[in-house]
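Colleague: Once you've had a glance at the structure underneath, I'll fire off some questions.
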2 protein chains.
Amino acid sequence: MKATIGDVAKKAGVSITTVSRVINNNYPVSSATRRKVEDAVSRLNFTPNTLARGLIQKKTFTIGVVVPSITNLFFPEVVNGIETVMQPEGYTFFLTETLERDEKEKKHVNRLLERQIDGIIVIGPSNHIMEEGFYERITGEIPTVIVNGFNKGIKCNFVLTDEKSGIREVLEYLYGLKHRNMAFMRGRKSYSYDLKEKVYKDFFIEKSIPLNEDNIIEIESGNNIASVKMAENAISRRLAKPEPPTAVVCCNDWMAVGAVRAADALGLAVPEDISVTGFDNILVSQLNKPEITTVDQGMNDIGKSAARLLLELINGGNRQAPLKKIILETKLVKRKSVKQPEGMV
Amino acid sequence: MKATIGDVAKKAGVSITTVSRVINNNYPVSSATRRKVEDAVSRLNFTPNTLARGLIQKKTFTIGVVVPSITNLFFPEVVNGIETVMQPEGYTFFLTETLERDEKEKKHVNRLLERQIDGIIVIGPSNHIMEEGFYERITGEIPTVIVNGFNKGIKCNFVLTDEKSGIREVLEYLYGLKHRNMAFMRGRKSYSYDLKEKVYKDFFIEKSIPLNEDNIIEIESGNNIASVKMAENAISRRLAKPEPPTAVVCCNDWMAVGAVRAADALGLAVPEDISVTGFDNILVSQLNKPEITTVDQGMNDIGKSAARLLLELINGGNRQAPLKKIILETKLVKRKSVKQPEGMV
DNA sequence: ATTTTAATAGAAAACCTTTTCTATAAAGTG
DNA sequence: CACTTTATAGAAAAGGTTTTCTATTAAAAT
């Protein structure tokens, strides 16, 4: 049976109070007594019960981290960033996966709240649940940071990357290389895809390039390995149609890998015959042949920023603190999958 | 301020006991009373404080999961397996990264113990810490499962993959294709690398093939993207020496990717000129060109098995239960990076 | 009609800490 | 020497639950 502070007190022949003071070192204790207590602690292998401590202090040094899927290359990086910041501060975190199921997302968040976490970071929340006002309510209860999900009307703390400028930079880059016929590949409806598509369309208007509707390609699957196959198929179909694009701008790296494969299969060389860009800079983009030009979101930094913001909220103690929206810069990573199109000089 | 069971009781005009009974549904309560309580619960948005509950029940429905690094492709799969099993049972888990630092590993485990977890799963533990008997002590305190780490003298519960037969199957396969000059690439000293090297050497003795010491190649880095570069360099050096191997057997997929790159750089085609095999079947092996023949460890299943074993231990309640060692089958995944060597028919 | 049993509800103890308040002894001050 | 500080230590309350034990009422059994 696990030793309690009472056992230690008895063994050391002092009061519980004194033991507590030695452990927490927050009140003067004579060196003789201290020695006795320390001796008893180590002999009994005593470790304080943080449930009891948390109960009285109303503080658990515990946070919750909610991710859609831990096996998705993207999220472990963010989680690692969070850990990097929180761990030295003495925090431990609960990790839960929602697998993009709305019921699970809510259930898990509630489960975390019951566990008296000091704060919560939700990565890639369901937009539907946000719209319900669920996270606004949570924000009212405990320090809450939403990562990579945004909805204009919702009053929460956000950490986002500037995907808008990221995708815009890609377009500028390709445009500068004289690409005019650029396809755009996205996944099913989501804040992030919608945002990028808007930037894409606006760019064409701004540059007065006629928009070819065939060039906006949507695939079912999201941000995982399944997208490779789907992207490959979708791009193959597109390349079979008239006026094949000289470049394919993809909303994530998986899609870009798929695009490269589709080109390969049709005997088109990347980047000589067709350029491809990705987004996210997950290692897949780096390992691909050719290495894929993509946009780095600094996933690790996202995690760190979110964690730092959460710490601020926790330590600030002011529930009425003004809400923050932190937007992180993206960075275009130029690699081997982009080139000026044939015939353009 | 968060509502307590007392607030609910007052609002509903009943005792705390009764509220508890409604919430846990473990004692008859008249339907009128139940309604009053449920009403108060939802009006006050009450959720029970699991710290208090855990304190008295000595059960938190919380486990600890310790991984070397969450960004390593390997571990998220295991973690996901654990979540898949534990989540429906009402458990939430703490995740902590050790980054392969011994002090961190111990500190994190202790921190978890303080948090009164019901059990702990340690993935890829430090062999040094195991040898200290640290995990034997932990096993005496709470249900403990060690995943993918093994040490003969240590009395713990283990979940392992049969790496021995996995690497053996690779060797048999290559041997069957008439490869005789096979290089072996490993990382720095660790249980798993040592084991595989032994199987490799034994295989050569068994088949009476003279062993070329140059064919045992060790690189510094472990199981991550950094290994790609190091493997590439190491293999390049080996290929420059006499009697270049017709096949390279790698201890993980990263190394295999590096080997393919080295071959590429030297103008050797994989698999026509040289065959390459990996280990682990992380998605990197699948995305490579050519797709890499590797050994699937069923990482997700490892996690599930570990979780199921842990549940057994937790629910069994018998701390003296006989220790278990679960060994999971591996599976050779034949892809495109292996071929019969030139000149052999 | 009286006694048992069943159904429902509450009071109080317990879980393990921290923290506030009180007590004692030693040391410093006039 | 009497009085106040200071240093050290303990008793008891508090934190939010569950659980055991006791109490009340109504229904069933005699």
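Simple scheme: letters A, B, ... for chains in structure tokens order, numbers from 1 for residues in each chain, numbers from 1 for ligands in the order shown.
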Compile a residue-level contact table for chain A against chain B at a cut-off of 9 Å, reporting for every qualifying residue the shortest atom pair and its distance in Å to one decimal, with only C-alpha atoms counted, rows ordered by chain and ascending number, as JSON lines.

Modeller:
```
{"residue": "A:Met1", "atom": "CA", "partner": "B:Glu141", "partner_atom": "CA", "distance": 8.0}
{"residue": "A:Lys2", "atom": "CA", "partner": "B:Glu141", "partner_atom": "CA", "distance": 7.7}
{"residue": "A:Thr47", "atom": "CA", "partner": "B:Glu114", "partner_atom": "CA", "distance": 6.0}
{"residue": "A:Pro48", "atom": "CA", "partner": "B:Glu114", "partner_atom": "CA", "distance": 6.0}
{"residue": "A:Asn49", "atom": "CA", "partner": "B:Glu114", "partner_atom": "CA", "distance": 5.4}
{"residue": "A:Thr50", "atom": "CA", "partner": "B:Arg115", "partner_atom": "CA", "distance": 5.3}
{"residue": "A:Leu51", "atom": "CA", "partner": "B:Leu51", "partner_atom": "CA", "distance": 5.1}
{"residue": "A:Ala52", "atom": "CA", "partner": "B:Leu55", "partner_atom": "CA", "distance": 6.6}
{"residue": "A:Gly54", "atom": "CA", "partner": "B:Leu51", "partner_atom": "CA", "distance": 7.2}
{"residue": "A:Leu55", "atom": "CA", "partner": "B:Leu51", "partner_atom": "CA", "distance": 6.2}
{"residue": "A:Thr60", "atom": "CA", "partner": "B:Arg115", "partner_atom": "CA", "distance": 8.9}
{"residue": "A:Gly64", "atom": "CA", "partner": "B:Phe94", "partner_atom": "CA", "distance": 8.9}
{"residue": "A:Ser69", "atom": "CA", "partner": "B:Asn80", "partner_atom": "CA", "distance": 8.1}
{"residue": "A:Ile70", "atom": "CA", "partner": "B:Pro76", "partner_atom": "CA", "distance": 5.8}
{"residue": "A:Thr71", "atom": "CA", "partner": "B:Pro76", "partner_atom": "CA", "distance": 5.1}
{"residue": "A:Asn72", "atom": "CA", "partner": "B:Pro76", "partner_atom": "CA", "distance": 8.3}
{"residue": "A:Leu73", "atom": "CA", "partner": "B:Leu73", "partner_atom": "CA", "distance": 7.5}
{"residue": "A:Phe75", "atom": "CA", "partner": "B:Thr71", "partner_atom": "CA", "distance": 8.5}
{"residue": "A:Pro76", "atom": "CA", "partner": "B:Thr71", "partner_atom": "CA", "distance": 5.1}
{"residue": "A:Glu77", "atom": "CA", "partner": "B:Thr71", "partner_atom": "CA", "distance": 5.8}
{"residue": "A:Val79", "atom": "CA", "partner": "B:Ile70", "partner_atom": "CA", "distance": 7.8}
{"residue": "A:Asn80", "atom": "CA", "partner": "B:Ile70", "partner_atom": "CA", "distance": 6.6}
{"residue": "A:Glu83", "atom": "CA", "partner": "B:Thr96", "partner_atom": "CA", "distance": 7.6}
{"residue": "A:Gln87", "atom": "CA", "partner": "B:Thr96", "partner_atom": "CA", "distance": 8.5}
{"residue": "A:Gly90", "atom": "CA", "partner": "B:Arg111", "partner_atom": "CA", "distance": 8.8}
{"residue": "A:Thr92", "atom": "CA", "partner": "B:Phe94", "partner_atom": "CA", "distance": 6.7}
{"residue": "A:Phe93", "atom": "CA", "partner": "B:Phe94", "partner_atom": "CA", "distance": 5.4}
{"residue": "A:Phe94", "atom": "CA", "partner": "B:Phe94", "partner_atom": "CA", "distance": 4.3}
{"residue": "A:Leu95", "atom": "CA", "partner": "B:Phe94", "partner_atom": "CA", "distance": 6.2}
{"residue": "A:Thr96", "atom": "CA", "partner": "B:Thr92", "partner_atom": "CA", "distance": 7.2}
{"residue": "A:Glu97", "atom": "CA", "partner": "B:Glu83", "partner_atom": "CA", "distance": 7.7}
{"residue": "A:His108", "atom": "CA", "partner": "B:Thr92", "partner_atom": "CA", "distance": 8.6}
{"residue": "A:Asn110", "atom": "CA", "partner": "B:Thr47", "partner_atom": "CA", "distance": 8.3}
{"residue": "A:Arg111", "atom": "CA", "partner": "B:Thr92", "partner_atom": "CA", "distance": 8.1}
{"residue": "A:Leu112", "atom": "CA", "partner": "B:Thr92", "partner_atom": "CA", "distance": 8.1}
{"residue": "A:Leu113", "atom": "CA", "partner": "B:Thr47", "partner_atom": "CA", "distance": 8.0}
{"residue": "A:Glu114", "atom": "CA", "partner": "B:Asn49", "partner_atom": "CA", "distance": 5.4}
{"residue": "A:Arg115", "atom": "CA", "partner": "B:Thr50", "partner_atom": "CA", "distance": 5.3}
{"residue": "A:Gln116", "atom": "CA", "partner": "B:Asn49", "partner_atom": "CA", "distance": 6.8}
{"residue": "A:Glu141", "atom": "CA", "partner": "B:Lys2", "partner_atom": "CA", "distance": 7.7}
{"residue": "A:Ile225", "atom": "CA", "partner": "B:Leu283", "partner_atom": "CA", "distance": 8.2}
{"residue": "A:Val257", "atom": "CA", "partner": "B:Leu287", "partner_atom": "CA", "distance": 8.5}
{"residue": "A:Leu283", "atom": "CA", "partner": "B:Ile225", "partner_atom": "CA", "distance": 8.2}
{"residue": "A:Val284", "atom": "CA", "partner": "B:Val284", "partner_atom": "CA", "distance": 7.3}
{"residue": "A:Leu287", "atom": "CA", "partner": "B:Asn288", "partner_atom": "CA", "distance": 7.5}
{"residue": "A:Asn288", "atom": "CA", "partner": "B:Asn288", "partner_atom": "CA", "distance": 6.9}
{"residue": "A:Lys289", "atom": "CA", "partner": "B:Lys289", "partner_atom": "CA", "distance": 7.4}
```

Colleague: Can you list, as a PyMOL selection string, every protein, DNA or RNA residue that comes within 8 Å of Phe158 in chain A when you count only C-alpha atoms (C1' of nucleotides), leaving out same-chain residues fewer than 5 positions away?

Modeller: chain A and resi 145-150+324-326

Colleague: Can you work out which residues from chain C touch chain B at a cut-off of 9 Å (counting only C-alpha atoms (C1' of nucleotides)) and hand them back as a compact mmCIF listing (two decimals) with N, CA and C atoms (P, O5', C5', C4', C3', O3' and C1' of nucleotides), in the first residue's frame?

Modeller:
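The resulting file, result35.txt, is shown below:
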```
# COMPACT_ATOMS: atom_id res chain seq x y z
P DA C 7 -37.86 -3.01 -2.70
O5' DA C 7 -38.01 -1.46 -2.33
C5' DA C 7 -39.33 -0.89 -2.35
C4' DA C 7 -39.20 0.57 -2.01
C3' DA C 7 -38.11 1.31 -2.80
O3' DA C 7 -38.71 2.49 -3.33
C1' DA C 7 -37.83 1.69 -0.49
P DT C 8 -37.92 3.45 -4.34
O5' DT C 8 -37.36 4.54 -3.34
C5' DT C 8 -38.31 5.42 -2.70
C4' DT C 8 -37.61 6.16 -1.62
C3' DT C 8 -36.49 7.08 -2.09
O3' DT C 8 -36.98 8.40 -2.00
C1' DT C 8 -36.00 6.00 -0.03
P DA C 9 -36.04 9.61 -2.46
O5' DA C 9 -35.27 9.94 -1.11
C5' DA C 9 -35.96 10.66 -0.08
C4' DA C 9 -35.03 10.82 1.09
C3' DA C 9 -33.77 11.63 0.80
O3' DA C 9 -33.87 12.85 1.52
C1' DA C 9 -33.31 9.69 2.12
P DG C 10 -32.76 14.00 1.31
O5' DG C 10 -31.91 13.82 2.64
C5' DG C 10 -32.60 13.88 3.88
C4' DG C 10 -31.67 13.47 5.00
C3' DG C 10 -30.35 14.25 5.05
O3' DG C 10 -30.12 14.62 6.40
C1' DG C 10 -29.89 11.94 5.04
P DA C 14 -13.73 7.57 10.13
O5' DA C 14 -13.15 7.45 8.65
C5' DA C 14 -13.73 6.55 7.73
C4' DA C 14 -13.31 6.95 6.34
C3' DA C 14 -11.86 7.44 6.24
O3' DA C 14 -11.12 6.55 5.41
C1' DA C 14 -13.36 8.87 5.05
P DC C 15 -9.52 6.56 5.50
O5' DC C 15 -9.02 6.88 4.02
C5' DC C 15 -9.79 6.62 2.86
C4' DC C 15 -9.44 7.63 1.80
C3' DC C 15 -8.14 8.39 2.06
O3' DC C 15 -7.09 7.76 1.34
C1' DC C 15 -9.91 9.83 1.27
P DC C 16 -5.61 7.67 1.96
O5' DC C 16 -5.02 9.12 1.69
C5' DC C 16 -4.74 9.49 0.35
C4' DC C 16 -4.36 10.95 0.34
C3' DC C 16 -3.18 11.28 1.25
O3' DC C 16 -2.18 11.87 0.42
C1' DC C 16 -4.96 12.83 1.55
```

Colleague: Pull out every residue of chain D that has at least one atom within 8 Å of chain A, counting only C-alpha atoms (C1' of nucleotides), and report them as a PDB file with N, CA, C and O atoms (P, O5', C5', C4', C3', O3' and C1' of nucleotides), in the first residue's frame.

Modeller:
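Resulting contents of iface_33.pdb:
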```
ATOM      1  P    DA D   7      13.005  34.512  13.001  1.00  0.00           P
ATOM      2  O5'  DA D   7      12.911  33.051  13.601  1.00  0.00           O
ATOM      3  C5'  DA D   7      13.785  32.669  14.645  1.00  0.00           C
ATOM      4  C4'  DA D   7      13.453  31.257  15.076  1.00  0.00           C
ATOM      5  C3'  DA D   7      13.140  30.304  13.908  1.00  0.00           C
ATOM      6  O3'  DA D   7      13.849  29.097  14.143  1.00  0.00           O
ATOM      7  C1'  DA D   7      11.344  30.309  15.445  1.00  0.00           C
ATOM      8  P    DT D   8      13.809  27.926  13.087  1.00  0.00           P
ATOM      9  O5'  DT D   8      12.630  27.045  13.655  1.00  0.00           O
ATOM     10  C5'  DT D   8      12.833  26.356  14.893  1.00  0.00           C
ATOM     11  C4'  DT D   8      11.530  25.782  15.342  1.00  0.00           C
ATOM     12  C3'  DT D   8      10.947  24.715  14.412  1.00  0.00           C
ATOM     13  O3'  DT D   8      11.133  23.462  15.043  1.00  0.00           O
ATOM     14  C1'  DT D   8       9.293  26.135  15.377  1.00  0.00           C
ATOM     15  P    DA D   9      10.631  22.133  14.336  1.00  0.00           P
ATOM     16  O5'  DA D   9       9.141  22.049  14.855  1.00  0.00           O
ATOM     17  C5'  DA D   9       8.897  21.600  16.192  1.00  0.00           C
ATOM     18  C4'  DA D   9       7.410  21.606  16.436  1.00  0.00           C
ATOM     19  C3'  DA D   9       6.612  20.669  15.522  1.00  0.00           C
ATOM     20  O3'  DA D   9       6.083  19.626  16.324  1.00  0.00           O
ATOM     21  C1'  DA D   9       5.551  22.791  15.779  1.00  0.00           C
ATOM     22  P    DG D  10       5.333  18.385  15.652  1.00  0.00           P
ATOM     23  O5'  DG D  10       3.828  18.736  16.025  1.00  0.00           O
ATOM     24  C5'  DG D  10       3.506  18.966  17.384  1.00  0.00           C
ATOM     25  C4'  DG D  10       2.109  19.551  17.489  1.00  0.00           C
ATOM     26  C3'  DG D  10       1.031  18.706  16.807  1.00  0.00           C
ATOM     27  O3'  DG D  10      -0.062  18.591  17.688  1.00  0.00           O
ATOM     28  C1'  DG D  10       0.908  20.935  16.047  1.00  0.00           C
ATOM     29  P    DA D  14     -14.062  25.027   7.941  1.00  0.00           P
ATOM     30  O5'  DA D  14     -13.502  24.982   6.448  1.00  0.00           O
ATOM     31  C5'  DA D  14     -12.256  25.598   6.125  1.00  0.00           C
ATOM     32  C4'  DA D  14     -11.728  24.968   4.859  1.00  0.00           C
ATOM     33  C3'  DA D  14     -12.829  24.429   3.936  1.00  0.00           C
ATOM     34  O3'  DA D  14     -12.647  24.952   2.642  1.00  0.00           O
ATOM     35  C1'  DA D  14     -11.165  22.781   4.301  1.00  0.00           C
ATOM     36  P    DG D  15     -13.895  25.143   1.670  1.00  0.00           P
ATOM     37  O5'  DG D  15     -13.493  24.393   0.338  1.00  0.00           O
ATOM     38  C5'  DG D  15     -12.184  24.448  -0.195  1.00  0.00           C
ATOM     39  C4'  DG D  15     -11.876  23.143  -0.858  1.00  0.00           C
ATOM     40  C3'  DG D  15     -13.104  22.351  -1.336  1.00  0.00           C
ATOM     41  O3'  DG D  15     -13.407  22.696  -2.679  1.00  0.00           O
ATOM     42  C1'  DG D  15     -11.421  20.939  -0.363  1.00  0.00           C
ATOM     43  P    DG D  16     -14.938  22.756  -3.142  1.00  0.00           P
ATOM     44  O5'  DG D  16     -15.233  21.250  -3.550  1.00  0.00           O
ATOM     45  C5'  DG D  16     -14.564  20.722  -4.680  1.00  0.00           C
ATOM     46  C4'  DG D  16     -14.926  19.264  -4.822  1.00  0.00           C
ATOM     47  C3'  DG D  16     -16.432  19.001  -4.908  1.00  0.00           C
ATOM     48  O3'  DG D  16     -16.627  18.007  -5.889  1.00  0.00           O
ATOM     49  C1'  DG D  16     -15.498  17.752  -3.150  1.00  0.00           C
TER      50       DG D  16
END
```

Colleague: Just the strand (DSSP E or B) stuff from range 124-325 of chain A, please, per backbone DSSP, written as number ranges by chain.

Modeller: A: 144-147, 157-161, 182-186, 216-218, 247-250, 275-277, 280, 293-296, 325

Colleague: Would you list the contacts of DG28 in chain C as a list in words, taking every protein, DNA or RNA residue within 12 Å and counting only C-alpha atoms (C1' of nucleotides), but skipping same-chain residues closer than 3 positions in sequence?

Modeller: DC3, DT4, DT5 and DT6 of chain D

Colleague: I need the chosen residues saved as an mmCIF file, in the first residue's frame, with C-alpha atoms (C1' of nucleotides).

Modeller:
```
data_model
loop_
_atom_site.group_PDB
_atom_site.id
_atom_site.type_symbol
_atom_site.label_atom_id
_atom_site.label_comp_id
_atom_site.auth_asym_id
_atom_site.auth_seq_id
_atom_site.Cartn_x
_atom_site.Cartn_y
_atom_site.Cartn_z
ATOM 1 C "C1'" DC D 3 7.602 41.522 28.068
ATOM 2 C "C1'" DT D 4 7.695 41.136 23.316
ATOM 3 C "C1'" DT D 5 9.484 38.784 19.196
ATOM 4 C "C1'" DT D 6 10.910 35.050 16.670
#
```

Colleague: Would you pick out the contacts of range 188-192 of chain B at 8 Å or less, using only C-alpha atoms (C1' of nucleotides), so that residues sharing its chain but fewer than 6 positions from it are not included, and give the list as a PDB file with all heavy atoms, in the first residue's frame?

Modeller:
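Saved file out-v2.pdb follows:
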```pdb
ATOM      1  N   ASN B 127      17.287   1.248 -21.626  1.00  0.00           N
ATOM      2  CA  ASN B 127      17.734  -0.034 -21.098  1.00  0.00           C
ATOM      3  C   ASN B 127      18.503   0.164 -19.797  1.00  0.00           C
ATOM      4  O   ASN B 127      18.419  -0.638 -18.876  1.00  0.00           O
ATOM      5  CB  ASN B 127      18.616  -0.752 -22.128  1.00  0.00           C
ATOM      6  CG  ASN B 127      18.708  -2.234 -21.827  1.00  0.00           C
ATOM      7  OD1 ASN B 127      17.709  -2.850 -21.466  1.00  0.00           O
ATOM      8  ND2 ASN B 127      19.886  -2.796 -21.941  1.00  0.00           N
ATOM      9  N   GLY B 149      10.824  -3.007 -25.444  1.00  0.00           N
ATOM     10  CA  GLY B 149      12.081  -2.904 -24.716  1.00  0.00           C
ATOM     11  C   GLY B 149      12.105  -4.183 -23.937  1.00  0.00           C
ATOM     12  O   GLY B 149      11.082  -4.597 -23.401  1.00  0.00           O
ATOM     13  N   PHE B 150      13.224  -4.823 -23.886  1.00  0.00           N
ATOM     14  CA  PHE B 150      13.250  -6.073 -23.142  1.00  0.00           C
ATOM     15  C   PHE B 150      14.644  -6.296 -22.596  1.00  0.00           C
ATOM     16  O   PHE B 150      15.634  -5.904 -23.185  1.00  0.00           O
ATOM     17  CB  PHE B 150      12.861  -7.254 -24.030  1.00  0.00           C
ATOM     18  CG  PHE B 150      12.858  -8.550 -23.294  1.00  0.00           C
ATOM     19  CD1 PHE B 150      11.904  -8.793 -22.323  1.00  0.00           C
ATOM     20  CD2 PHE B 150      13.830  -9.518 -23.550  1.00  0.00           C
ATOM     21  CE1 PHE B 150      11.904  -9.987 -21.620  1.00  0.00           C
ATOM     22  CE2 PHE B 150      13.835 -10.717 -22.850  1.00  0.00           C
ATOM     23  CZ  PHE B 150      12.865 -10.947 -21.886  1.00  0.00           C
ATOM     24  N   ASN B 151      14.669  -6.903 -21.442  1.00  0.00           N
ATOM     25  CA  ASN B 151      15.939  -7.206 -20.818  1.00  0.00           C
ATOM     26  C   ASN B 151      15.691  -8.449 -19.995  1.00  0.00           C
ATOM     27  O   ASN B 151      14.790  -8.488 -19.168  1.00  0.00           O
ATOM     28  CB  ASN B 151      16.356  -6.031 -19.936  1.00  0.00           C
ATOM     29  CG  ASN B 151      17.757  -6.214 -19.427  1.00  0.00           C
ATOM     30  OD1 ASN B 151      18.084  -7.236 -18.827  1.00  0.00           O
ATOM     31  ND2 ASN B 151      18.599  -5.238 -19.682  1.00  0.00           N
ATOM     32  N   GLU B 163      11.021  -9.388 -33.375  1.00  0.00           N
ATOM     33  CA  GLU B 163      11.959  -8.782 -34.327  1.00  0.00           C
ATOM     34  C   GLU B 163      12.925  -9.816 -34.882  1.00  0.00           C
ATOM     35  O   GLU B 163      13.339  -9.749 -36.032  1.00  0.00           O
ATOM     36  CB  GLU B 163      12.760  -7.680 -33.624  1.00  0.00           C
ATOM     37  CG  GLU B 163      11.889  -6.569 -33.082  1.00  0.00           C
ATOM     38  CD  GLU B 163      12.729  -5.489 -32.412  1.00  0.00           C
ATOM     39  OE1 GLU B 163      13.161  -4.567 -33.126  1.00  0.00           O
ATOM     40  OE2 GLU B 163      12.957  -5.572 -31.188  1.00  0.00           O
ATOM     41  N   GLU B 218      27.439   0.436 -38.876  1.00  0.00           N
ATOM     42  CA  GLU B 218      26.732   1.057 -37.758  1.00  0.00           C
ATOM     43  C   GLU B 218      26.723   2.565 -37.925  1.00  0.00           C
ATOM     44  O   GLU B 218      27.759   3.167 -38.208  1.00  0.00           O
ATOM     45  CB  GLU B 218      27.418   0.684 -36.433  1.00  0.00           C
ATOM     46  CG  GLU B 218      26.740   1.322 -35.240  1.00  0.00           C
ATOM     47  CD  GLU B 218      27.289   0.825 -33.905  1.00  0.00           C
ATOM     48  OE1 GLU B 218      27.587  -0.376 -33.799  1.00  0.00           O
ATOM     49  OE2 GLU B 218      27.421   1.659 -32.988  1.00  0.00           O
ATOM     50  N   ILE B 219      25.570   3.158 -37.760  1.00  0.00           N
ATOM     51  CA  ILE B 219      25.529   4.618 -37.803  1.00  0.00           C
ATOM     52  C   ILE B 219      25.128   5.145 -36.434  1.00  0.00           C
ATOM     53  O   ILE B 219      24.577   4.420 -35.608  1.00  0.00           O
ATOM     54  CB  ILE B 219      24.561   5.162 -38.883  1.00  0.00           C
ATOM     55  CG1 ILE B 219      23.128   4.718 -38.593  1.00  0.00           C
ATOM     56  CG2 ILE B 219      25.011   4.731 -40.262  1.00  0.00           C
ATOM     57  CD1 ILE B 219      22.124   5.386 -39.489  1.00  0.00           C
ATOM     58  N   GLU B 220      25.410   6.384 -36.232  1.00  0.00           N
ATOM     59  CA  GLU B 220      25.217   7.019 -34.934  1.00  0.00           C
ATOM     60  C   GLU B 220      23.741   7.134 -34.573  1.00  0.00           C
ATOM     61  O   GLU B 220      23.291   6.687 -33.538  1.00  0.00           O
ATOM     62  CB  GLU B 220      25.836   8.413 -34.992  1.00  0.00           C
ATOM     63  CG  GLU B 220      25.514   9.311 -33.828  1.00  0.00           C
ATOM     64  CD  GLU B 220      26.697   9.392 -32.885  1.00  0.00           C
ATOM     65  OE1 GLU B 220      27.838   9.207 -33.377  1.00  0.00           O
ATOM     66  OE2 GLU B 220      26.482   9.599 -31.689  1.00  0.00           O
ATOM     67  N   SER B 221      23.002   7.748 -35.476  1.00  0.00           N
ATOM     68  CA  SER B 221      21.653   8.172 -35.135  1.00  0.00           C
ATOM     69  C   SER B 221      20.681   7.009 -35.078  1.00  0.00           C
ATOM     70  O   SER B 221      20.924   5.931 -35.596  1.00  0.00           O
ATOM     71  CB  SER B 221      21.189   9.198 -36.145  1.00  0.00           C
ATOM     72  OG  SER B 221      19.930   9.664 -35.783  1.00  0.00           O
ATOM     73  N   GLY B 222      19.581   7.246 -34.424  1.00  0.00           N
ATOM     74  CA  GLY B 222      18.646   6.182 -34.183  1.00  0.00           C
ATOM     75  C   GLY B 222      17.546   6.101 -35.203  1.00  0.00           C
ATOM     76  O   GLY B 222      17.793   5.930 -36.406  1.00  0.00           O
TER      77      GLY B 222
END
```

Colleague: I'd like the neighbourhood of Val249 in chain B as a list in words, where a residue qualifies if any of its atoms comes within 6 Å (using only C-alpha atoms (C1' of nucleotides)), though same-chain residues fewer than 4 positions away should be ignored.

Modeller: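 Near neighbours after the sequence-gap exclusion: Ala183, Phe184 and Thr277 of chain B.
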
Colleague: Based on the backbone DSSP call, show me all residues of range 61-275 of chain A assigned alpha helix (DSSP H), as number ranges by chain.

Modeller: A: 74-86, 102-114, 127-131, 134-141, 163-176, 191-206, 226-240, 253-265

Colleague: For DA26 in chain D, which residue among C:DA1, C:DA23, C:DA6, C:DA12 is the nearest when counting only C-alpha atoms (C1' of nucleotides)?

Modeller: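 Using only C-alpha atoms (C1' of nucleotides), DA26 in chain D sits closest to C:DA6.
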
Colleague: Have a look at CA of Glu291 in chain A and CA of Lys336 in chain A and let me know their distance in Å, one decimal.

Modeller: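 Value for the CA of Glu291 in chain A-CA of Lys336 in chain A distance: 5.2 Å.
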
Colleague: By how many Å are C1' of DA13 in chain C and C1' of DT22 in chain D apart?

Modeller: 12.9 Å
